[in-house]
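See below for work.pdb, which holds PDB, C-alpha atoms.
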MODEL        1
ATOM      1  CA  MET W 228     116.912 112.666 104.304
ATOM      2  CA  THR W 229     115.669 110.481 107.149
ATOM      3  CA  TYR W 230     112.239 108.920 107.596
ATOM      4  CA  ARG W 231     110.939 107.667 110.933
ATOM      5  CA  ILE W 232     108.044 105.263 111.462
ATOM      6  CA  ASP W 233     106.075 104.853 114.669
ATOM      7  CA  SER W 234     102.614 104.068 115.981
ATOM      8  CA  THR W 235     100.686 106.215 118.389
ATOM      9  CA  ASP W 236      97.541 105.828 120.441
ATOM     10  CA  VAL W 237      94.321 107.488 119.303
ATOM     11  CA  ARG W 238      92.020 107.819 122.279
ATOM     12  CA  ALA W 239      88.264 107.730 121.857
ATOM     13  CA  MET W 240      85.270 108.710 123.930
ATOM     14  CA  PRO W 241      83.801 105.887 126.073
ATOM     15  CA  SER W 242      80.609 106.231 124.033
ATOM     16  CA  ASP W 243      82.335 105.074 120.824
ATOM     17  CA  PRO W 244      80.920 101.573 120.167
ATOM     18  CA  ASP W 245      83.665 100.591 117.694
ATOM     19  CA  ALA W 246      86.676 101.495 119.836
ATOM     20  CA  SER W 247      88.305  98.908 122.048
ATOM     21  CA  LYS W 248      90.499  98.604 125.100
ATOM     22  CA  ASN W 249      94.149  98.625 124.002
ATOM     23  CA  TYR W 250      97.509  98.452 125.733
ATOM     24  CA  ASP W 251     100.137 101.147 125.213
ATOM     25  CA  PRO W 252     103.515  99.562 126.085
ATOM     26  CA  THR W 253     105.287 102.933 125.963
ATOM     27  CA  ALA W 254     103.041 104.449 128.623
ATOM     28  CA  GLU W 255     102.529 101.030 130.252
ATOM     29  CA  GLU W 256      98.791 101.589 130.495
ATOM     30  CA  TYR W 257      95.517 100.603 128.893
ATOM     31  CA  TYR W 258      93.463 103.071 126.907
ATOM     32  CA  TYR W 259      90.161 103.035 125.003
ATOM     33  CA  GLY W 260      90.422 103.865 121.329
ATOM     34  CA  TYR W 261      92.391 103.130 118.174
ATOM     35  CA  GLY W 262      95.876 103.669 116.777
ATOM     36  CA  CYS W 263      97.709 105.393 113.947
ATOM     37  CA  THR W 264     100.962 104.422 112.236
ATOM     38  CA  ILE W 265     102.840 107.474 110.942
ATOM     39  CA  VAL W 266     105.946 107.975 108.830
ATOM     40  CA  SER W 267     107.454 111.399 109.353
ATOM     41  CA  THR W 268     110.358 113.483 108.190
ATOM     42  CA  GLY W 269     111.898 116.664 109.569
ATOM     43  CA  ALA W 270     109.954 119.581 111.026
ATOM     44  CA  LYS W 271     107.319 117.268 112.529
ATOM     45  CA  ILE W 272     105.780 116.539 109.139
ATOM     46  CA  PRO W 273     103.760 113.328 108.557
ATOM     47  CA  ILE W 274     104.172 112.023 105.006
ATOM     48  CA  ALA W 275     102.302 108.705 105.201
ATOM     49  CA  ALA W 276      99.898 107.222 107.725
ATOM     50  CA  GLU W 277      97.326 104.533 108.401
ATOM     51  CA  PHE W 278      94.483 104.362 110.887
ATOM     52  CA  THR W 279      94.587 101.102 112.884
ATOM     53  CA  GLU W 280      92.426  99.244 115.374
ATOM     54  CA  SER W 281      95.111  99.580 118.077
ATOM     55  CA  LYS W 282      98.494 101.186 118.673
ATOM     56  CA  GLN W 283     100.255  97.906 117.869
ATOM     57  CA  ALA W 284      99.991  97.756 114.089
ATOM     58  CA  ALA W 285     100.305  94.597 112.036
ATOM     59  CA  GLU W 286     103.368  94.055 109.837
ATOM     60  CA  GLU W 287     101.124  94.401 106.780
ATOM     61  CA  THR W 288     100.253  97.939 107.909
ATOM     62  CA  ALA W 289     103.910  98.842 108.424
ATOM     63  CA  MET W 290     104.735  97.589 104.939
ATOM     64  CA  ARG W 291     101.864  99.524 103.340
ATOM     65  CA  VAL W 292     102.726 102.795 105.111
ATOM     66  CA  THR W 293     106.408 102.341 104.241
ATOM     67  CA  ARG W 294     105.551 101.871 100.554
ATOM     68  CA  ASP W 295     103.350 104.983 100.655
ATOM     69  CA  ALA W 296     106.224 106.982 102.182
ATOM     70  CA  LEU W 297     108.700 105.747  99.563
ATOM     71  CA  ALA W 298     106.283 106.920  96.851
ATOM     72  CA  VAL W 299     106.722 110.489  98.180
ATOM     73  CA  ALA W 300     110.537 110.503  98.137
ATOM     74  CA  GLN W 301     113.449 108.174  98.779
ATOM     75  CA  PRO W 302     115.306 108.837 102.027
ATOM     76  CA  ILE W 303     118.791 107.627 102.920
ATOM     77  CA  TRP W 304     117.680 106.193 106.281
ATOM     78  CA  MET W 305     114.443 104.852 107.743
ATOM     79  CA  LEU W 306     114.246 104.426 111.504
ATOM     80  CA  GLY W 307     111.863 102.297 113.548
ATOM     81  CA  ASP W 308     111.815 100.751 116.987
ATOM     82  CA  SER W 309     112.142  97.013 117.621
ATOM     83  CA  ALA W 310     108.539  96.448 116.489
ATOM     84  CA  TYR W 311     109.884  96.947 112.943
ATOM     85  CA  ASP W 312     112.545  94.249 113.288
ATOM     86  CA  THR W 313     111.104  92.117 110.495
ATOM     87  CA  LEU W 314     112.864  90.627 107.486
ATOM     88  CA  ASP W 315     110.276  91.804 104.952
ATOM     89  CA  TRP W 316     110.436  95.442 106.134
ATOM     90  CA  HIS W 317     114.227  95.461 105.981
ATOM     91  CA  ASP W 318     114.363  93.775 102.585
ATOM     92  CA  LEU W 319     111.755  96.143 101.117
ATOM     93  CA  LEU W 320     113.844  99.141 102.143
ATOM     94  CA  LEU W 321     117.215  97.697 101.133
ATOM     95  CA  THR W 322     115.813  96.807  97.713
ATOM     96  CA  ALA W 323     114.686 100.431  97.371
ATOM     97  CA  GLY W 324     118.181 101.656  98.291
ATOM     98  CA  VAL W 325     117.210 102.816 101.787
ATOM     99  CA  VAL W 326     119.096 101.824 104.952
ATOM    100  CA  PRO W 327     116.618 100.594 107.616
ATOM    101  CA  ILE W 328     117.652 100.893 111.250
ATOM    102  CA  ALA W 329     115.599  99.028 113.850
ATOM    103  CA  PRO W 330     117.001  97.389 116.996
ATOM    104  CA  TYR W 331     117.383  93.659 116.693
ATOM    105  CA  ASN W 332     114.847  91.773 118.790
ATOM    106  CA  PRO W 333     115.769  88.106 119.412
ATOM    107  CA  ARG W 334     112.253  87.242 120.605
ATOM    108  CA  ASN W 335     111.504  84.717 117.859
ATOM    109  CA  THR W 336     114.649  82.619 117.898
ATOM    110  CA  ASP W 337     116.454  80.153 120.123
ATOM    111  CA  ASP W 338     119.766  81.089 118.502
ATOM    112  CA  PRO W 339     120.011  84.923 118.621
ATOM    113  CA  LEU W 340     122.453  86.759 116.377
ATOM    114  CA  ASN W 341     125.280  88.829 117.827
ATOM    115  CA  ILE W 342     124.069  92.128 116.341
ATOM    116  CA  LYS W 343     122.501  95.351 117.570
ATOM    117  CA  TYR W 344     120.505  96.199 114.440
ATOM    118  CA  ARG W 345     118.859  93.797 111.984
ATOM    119  CA  VAL W 346     120.380  95.637 109.021
ATOM    120  CA  GLU W 347     123.844  94.410 110.023
ATOM    121  CA  ASP W 348     122.824  90.832 109.257
ATOM    122  CA  ARG W 349     120.887  91.709 106.087
ATOM    123  CA  ILE W 350     123.829  93.660 104.621
ATOM    124  CA  GLU W 351     126.258  90.857 105.454
ATOM    125  CA  LYS W 352     124.036  88.298 103.706
ATOM    126  CA  HIS W 353     123.312  90.357 100.600
ATOM    127  CA  SER W 354     126.439  92.397  99.916
ATOM    128  CA  ASP W 355     130.174  91.893 100.194
ATOM    129  CA  GLU W 356     130.896  95.496  99.246
ATOM    130  CA  ILE W 357     128.888  97.450 101.829
ATOM    131  CA  GLN W 358     129.922  97.851 105.435
ATOM    132  CA  LEU W 359     128.109  99.830 108.099
ATOM    133  CA  LYS W 360     129.881 101.302 111.101
ATOM    134  CA  GLN W 361     128.184 100.624 114.441
ATOM    135  CA  SER W 362     128.848 104.229 115.509
ATOM    136  CA  ILE W 363     127.037 105.602 112.437
ATOM    137  CA  LEU W 364     124.055 103.316 113.040
ATOM    138  CA  ASP W 365     123.905 104.376 116.706
ATOM    139  CA  GLU W 366     124.208 108.073 115.885
ATOM    140  CA  THR W 367     121.506 107.871 113.238
ATOM    141  CA  TYR W 368     119.130 105.783 115.355
ATOM    142  CA  ASN W 369     119.392 108.322 118.188
ATOM    143  CA  ARG W 370     117.411 110.692 115.953
ATOM    144  CA  ARG W 371     114.410 108.329 115.936
ATOM    145  CA  SER W 372     112.810 110.125 118.889
ATOM    146  CA  GLN W 373     111.896 113.000 116.561
ATOM    147  CA  VAL W 374     108.927 110.910 115.428
ATOM    148  CA  GLU W 375     107.457 111.353 118.918
ATOM    149  CA  ARG W 376     107.443 115.105 118.329
ATOM    150  CA  THR W 377     105.582 114.525 115.065
ATOM    151  CA  ASN W 378     102.974 112.443 116.899
ATOM    152  CA  ASP W 379     102.583 115.236 119.476
ATOM    153  CA  ALA W 380     102.307 117.873 116.732
ATOM    154  CA  VAL W 381      99.531 115.914 114.997
ATOM    155  CA  LYS W 382      97.762 115.502 118.342
ATOM    156  CA  ASP W 383      97.932 119.292 118.775
ATOM    157  CA  CYS W 384      96.161 119.538 115.412
ATOM    158  CA  GLY W 385      93.239 117.290 116.390
ATOM    159  CA  LEU W 386      94.551 113.758 116.895
ATOM    160  CA  GLY W 387      94.065 114.022 120.649
ATOM    161  CA  THR W 388      90.921 112.457 122.130
ATOM    162  CA  LEU W 389      88.495 111.882 119.259
ATOM    163  CA  ARG W 390      85.038 113.422 119.444
ATOM    164  CA  ALA W 391      83.767 111.421 116.471
ATOM    165  CA  ARG W 392      82.066 108.112 117.230
ATOM    166  CA  GLY W 393      82.301 104.952 115.170
ATOM    167  CA  ARG W 394      85.270 103.613 113.221
ATOM    168  CA  VAL W 395      84.467 105.420 109.950
ATOM    169  CA  HIS W 396      84.071 108.821 111.595
ATOM    170  CA  ALA W 397      87.095 108.252 113.843
ATOM    171  CA  ARG W 398      89.256 107.430 110.824
ATOM    172  CA  ALA W 399      88.021 110.577 109.058
ATOM    173  CA  GLN W 400      88.955 112.704 112.092
ATOM    174  CA  VAL W 401      92.429 111.126 112.217
ATOM    175  CA  PHE W 402      93.149 111.931 108.570
ATOM    176  CA  LEU W 403      91.681 115.416 108.966
ATOM    177  CA  ALA W 404      94.138 116.022 111.830
ATOM    178  CA  LEU W 405      97.001 114.829 109.602
ATOM    179  CA  CYS W 406      95.857 117.205 106.834
ATOM    180  CA  VAL W 407      95.602 120.118 109.283
ATOM    181  CA  ARG W 408      99.161 119.426 110.436
ATOM    182  CA  LEU W 409     100.382 119.578 106.821
ATOM    183  CA  VAL W 410      98.470 122.799 106.122
ATOM    184  CA  VAL W 411      99.998 124.438 109.212
ATOM    185  CA  ALA W 412     103.512 123.298 108.249
ATOM    186  CA  VAL W 413     103.202 124.473 104.625
ATOM    187  CA  THR W 414     101.661 127.804 105.650
ATOM    188  CA  ASN W 415     104.414 128.493 108.167
ATOM    189  CA  TYR W 416     107.093 127.507 105.649
ATOM    190  CA  GLU W 417     105.691 129.804 102.951
ATOM    191  CA  ARG W 418     105.551 132.708 105.416
ATOM    192  CA  GLY W 419     109.149 132.169 106.459
ATOM    193  CA  ASP W 420     108.087 130.906 109.886
ATOM    194  CA  ASN W 421     109.075 127.645 111.572
ATOM    195  CA  PRO W 422     107.298 124.774 109.731
ATOM    196  CA  GLY W 423     107.662 122.670 112.887
ATOM    197  CA  SER W 424     105.329 124.976 114.805
ATOM    198  CA  THR W 425     101.772 123.731 115.345
ATOM    199  CA  VAL W 426     100.284 127.235 115.276
ATOM    200  CA  ILE W 427      99.984 129.909 112.631
ATOM    201  CA  THR W 428     100.772 133.408 113.864
ATOM    202  CA  VAL W 429      98.315 135.967 112.514
TER     203      VAL W 429
ENDMDL
END

For the structure just supplied, provide its representation as structure tokens.
Amino acid sequence: MTYRIDSTDVRAMPSDPDASKNYDPTAEEYYYGYGCTIVSTGAKIPIAAEFTESKQAAEETAMRVTRDALAVAQPIWMLGDSAYDTLDWHDLLLTAGVVPIAPYNPRNTDDPLNIKYRVEDRIEKHSDEIQLKQSILDETYNRRSQVERTNDAVKDCGLGTLRARGRVHARAQVFLALCVRLVVAVTNYERGDNPGSTVITV
């Protein structure tokens, strides 16, 4: 089993007094609204999430959502982009027996390591018995983009532009959209339909 973690933008109406102007580095544009950090697994299914003030979530949020996801089930792999290249996130997962894969980002050091993924260094420092092949890490990380499809699926279920105003109501709408996505997935699965679909065929 593979988990993927990512943050997405949650756009709000201009009349929302609690929303703020945020930058989306993926789209390279500013937007007005909030953010949501989601951990997903196959079939576009969110299993843990947190509403945030902006798309760029704090490390504390990533750690909390990761712990929530691990409480559901223990995957073999957990994938994140370079925003998740933190020692605490990697060590939390390795301690739980999960292999984290996030691209190494040398932004905070004058003496960068000669690695592609942070886990290479963490494994080397903590275990003499485990070795990870670069090709396996690359192949597994290439599946990270599936989290984008989960974000899109949740947006199809109501996470698009929020109609609710105010942080409390916006957060409620975000979690309602996540619940709707789960209901659609479970319903489709139980009917023998594709759980990845965002619609229920009547």

I need the output of the PyMOL selection byres ((chain W and resi 319-322) around 10) for this file as a count of residues only; which residues are they? 23

The residue from W:Met240, W:Asp245, W:Thr253, W:Ala296 with the smallest atom-to-atom distance to Glu375 (chain W), counting all atoms listed in the file, is W:Thr253

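Minimum atom-to-atom distances from W:Asn415, W:Gln400, W:Thr377, W:Thr313 to Tyr261 (chain W) were compared using all atoms listed in the file, and the lowest value belongs to W:Gln400.
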
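Distances here use all atoms listed in the file; by that measure, the residue among W:Thr425, W:Thr414, W:Ser247, W:Ser234 closest to Val266 (chain W) is W:Ser234.
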
CA of Arg371 (chain W) sits from CA of Cys263 (chain W) at a separation of 17.1 Å
